[in-house]
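Chemist: Below is one structure. I have some questions about it.
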Amino acid sequence: MSRNDEVATLLEEIADHLEARDVDYKHKSYRRAADSVRAHTVAVETLHAEGGEDALAEIDDVGDAIAAKTAEYLEEGAIGELEEFREEMPVEMDALTAVEGVGPRTVASLYEALGVETLDDLEAAAEAGEVREVGGFGAKTEENIAENIPFARESRKRSLLGEARPTAERALSFLDARPIVEQADVAGSLRRWRPTIGDVDVLAASDDGAAVVDAFAEWDAADDIIEAGTRKASVRVDGLRVDLRVVVPAEFGAAIQYFTGSKAHNLEFRNRAIDRELKVNEYGVFDVSELGSDGPSDESDDVSELDPDGPSDGSGDPDESQRAGERVAGETEAGVYEAVGTEWVPPELRENRGEVAAAADDALPELVTTADVAGDLHCHTAWSDGEPTIAGLVEAAADFGHDYVAVTDHATGPGMVGGVGLDDETLREQLAEVRDVAADVDADVEVFAGVEANIGADGSVSVANDLLAALDCVVASPHSGLDGDGTDRLVAAIEHPEVDVVGHPTGRLLNQRPGHDIDVEAVAEAAADEGVALEINANPNRLDLRSSYVKVAVEAGATIVINTDAHRPGSFEYIRYGVHTARRGWCEPDDVLNCRDADDVRAFLEA
């Protein structure tokens with residue numbers, strides 16, 4: 001298993017300790033490095049083994065100092081500087097900062113004044129009325145901390161995209177129905193369709209911010225009002241925090257660009273603007289050629305964060321220096337990008353993976369859309385662990401608008417428990433029924449008979465070769481042994497002559513297990529050579545392949561397939577999560593197998 005997430009978490013802890021000590025700027029460097037390490041497609045331990053600190057320093061945002069600390073951890077099992085920080089301030093930083101309103105600097109203040117080290121310590125101090133006695137705090141702050149501790153205990157994991165997106169869309173529907181709101185959209189990581197998110201960020205344009213906030217605070221879906229000012233409000237809906245910011249319509253384009261992020265994308269974009277004597281911030285694009293400075297700015301992509309110089313309740317005007325210079329764009333997001341000399345960049349691409357340079361050269365990909373997807377090649381029925389009959393699955397696919405669907409129930413084998421998997425004899429019986437349903441179906445849907453076979457630890461496929469040959473679509477997936485390096489087993493499965501698709505290649509379950517590590521370049525090259533498609537499993541619990549791996553696979557010439565792994569008719573709706581993951585991986589329709597018509601798909605499967 002890759003140690004990237006493990007290392008990234010330690011870098012984030014260093015950043016928290018630096019911020020707690022009020023070290024300017026340095027903590028931001030560690031946070032950017034942590035994001036890059038977590039997203040990197042090669043395991044840090046592999047890089048270290050092959051090239052030492054120099055190889056680690058090749059990761060984006062990882063300089064020599066951070067590379068040295070990473071190497072120290074991989075070699076010694078600890079980072080000396082972090083151990084010193086922990087000794088000086090022995091706090092449960094991650095747990096404490098999960099409490100609403102408690103950041104690293106607050107942690108430091110409470111530790112110095114009250115010796116608070118854990119959530120239990122914080123709860124006890126708040127209940128005893130001790131927090132309000134600390135300088136800079138008060139009764140209201142103490143009350144808010146006490147109220148938010150239980151929620152922090154329950155919600156330290158990031159929320160799944162599939163949980164957060166519907167909540168955000170409910171918020172947008174509510175805002176769109178208000179006549180005083182001219183337009184509204186989601187922002188932050190949710191607009192970029194990241195697989196997990198922190199809070200739901202929503203941006204609205206209106207000339208009456210206070211009225212919008214008042215209406216939002218009365219939203220009947222809100223279980224709790226966290227805070228409400230004149231331009232910002234935060235509520236909880238079904239356990240999720242939803243943050244609203246209201247901006248004037250003339251600045252909506254700049255604000256949505258700014259608060260969509262990512263921070264790395266915005267920094268690259270802002271640097272391009274600076275080279276052109278422009279300043280970009282949440283208020284617009286400004287020509288500062290006569291000022292000799294691009295003025296102050298920050299790197300937020302979270303609408304709940306405070307204005308750099310504004311009051312805590314969001315009231316009042318921001319520092320006018322933020323609007324210094326001649327304003328040349330800001331009303332529309334496309335205008336913001338145009339003013340800086342680039343195409344508009346789709347939100348899914350805004351991760352600083354070369355999209356700014358590509359946009360400047362008019363070289364962005366024509367990204368796949370949900371309308372391009374013509375079918376689903378990984379679905380389950382009641383024969384294994386699905387809900388519908390075979391005929392019911394076909395009818396549901398037709399109702400959804402698909403031109404074809406594959407029946408790919410689980411085969412027995414490694415990872416299949418409780419009688420879920422079908423043995424070869426039962427699969428042969430099912431094959432006959434699939435053929436009968438395909439011949440009798442009234443809907444204009446082509447039906448492929450298939451299976452989801454299991455990939456063993458040695459790369460073997462858990463179904464007899466003659467049966468695999470008789471099937472139209474063979475999906476082979478790892479379901480067991482999902483630790484360590486899975487590269488060899490995947491390559492072996494790809495090289496099996498009857499395998500058409502590798503399903504959820506790493507086997508990850510978001511917020512539950514990371515899945516096994518793979519050398520995605522090796523897997524992608526094998527898939528391209530053998531004519532095997534690599535799946536983006538669109539189930540929001542998986543979203544596997546992850547987007548950074550998808551980009552590598554596309555660049556290697558591998559074919560991608562976006563499947564829902566549907567176990568019930570409603571699961572076809574998951575396709576949008578897979579499509580946006582594909583878009584994050586720079587996929588065009590030609591890269592995706594099930595954007596082809598049924599005849600071309602059959603030709604691929606038979607090749």
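By order of appearance in the structure tokens: chains A, B, ..., then residues from 1 within every chain, and ligands from 1 in the order shown.
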Env of Ser480 of chain A: 12 Å cut, atoms = only C-alpha atoms, seq-sep filter 4 positions within chain, self excluded. Answer as a list in words.
Modeler: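 Near neighbours after the sequence-gap exclusion: Gly413, Pro414, Gly415, Met416, Val417, Asn454, Ile455, Gly456, Ala457, Asp458, Gly459, Gly484, Gly486, Arg489, Pro505, Thr506, Gly507, Arg508, Arg513, Gly515 and His516 of chain A.
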Chemist: Taking only C-alpha atoms into account, name the residue in A:Arg245, A:Arg327, A:Tyr258, A:Phe269 that is nearest to Phe286 of chain A.
Modeler: A:Arg327
Chemist: Using only C-alpha atoms, which residues sit within 9 Å of Ala391 of chain A once same-chain residues fewer than 5 positions away are excluded, as a PyMOL selection string?
Modeler: chain A and resi 396+434+437-438+441
Chemist: Can you tell me, as a ChimeraX atom specification, what residues are no more than 9 Å from Asp201 of chain A when counting only C-alpha atoms, ignoring any on the same chain fewer than 2 positions away?
Modeler: /A:168,185-191,199,203,241-245,259-260,302-304
Chemist: Using only C-alpha atoms, find the one residue out of A:Glu433, A:Glu425, A:Glu498, A:Asp483 that sits nearest to Ile518 of chain A.
Modeler: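 Answer, going by the shortest atom-to-atom distance: A:Asp483.
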Chemist: So which residues touch Arg350 of chain A within 7 Å, counting only C-alpha atoms, skipping near sequence neighbours fewer than 2 positions away, as a ChimeraX atom specification?
Modeler: /A:261-262,265,347-348,352,355
Chemist: Can you pull out every residue from segment 304-453 of chain A that DSSP, working from the backbone, puts in strand (DSSP E or B), and format the result as a ChimeraX atom specification?
Modeler: /A:326-329,375-376,379,404-407,410-411,422,446-453
Chemist: Expressed in Å to a single decimal, how great is the separation between atom CA of Ala95 of chain A and atom CA of Ala152 of chain A?
Modeler: 7.7 Å
Chemist: What's the separation between atom CA of Leu349 of chain A and atom CA of Arg584 of chain A, in Å to one decimal place?
Modeler: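 Distance between the two atoms: 5.3 Å.
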Chemist: Of the residues A:Pro497, A:Pro569, A:Pro365, A:Gly284, which is the one nearest to Trp586 of chain A, using only C-alpha atoms?
Modeler: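 For Trp586 of chain A, the nearest of the candidates is A:Pro365.
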Chemist: Work out how far apart atom CA of Thr230 of chain A and atom CA of Thr141 of chain A are and give it in Å to one decimal.
Modeler: 19.4 Å
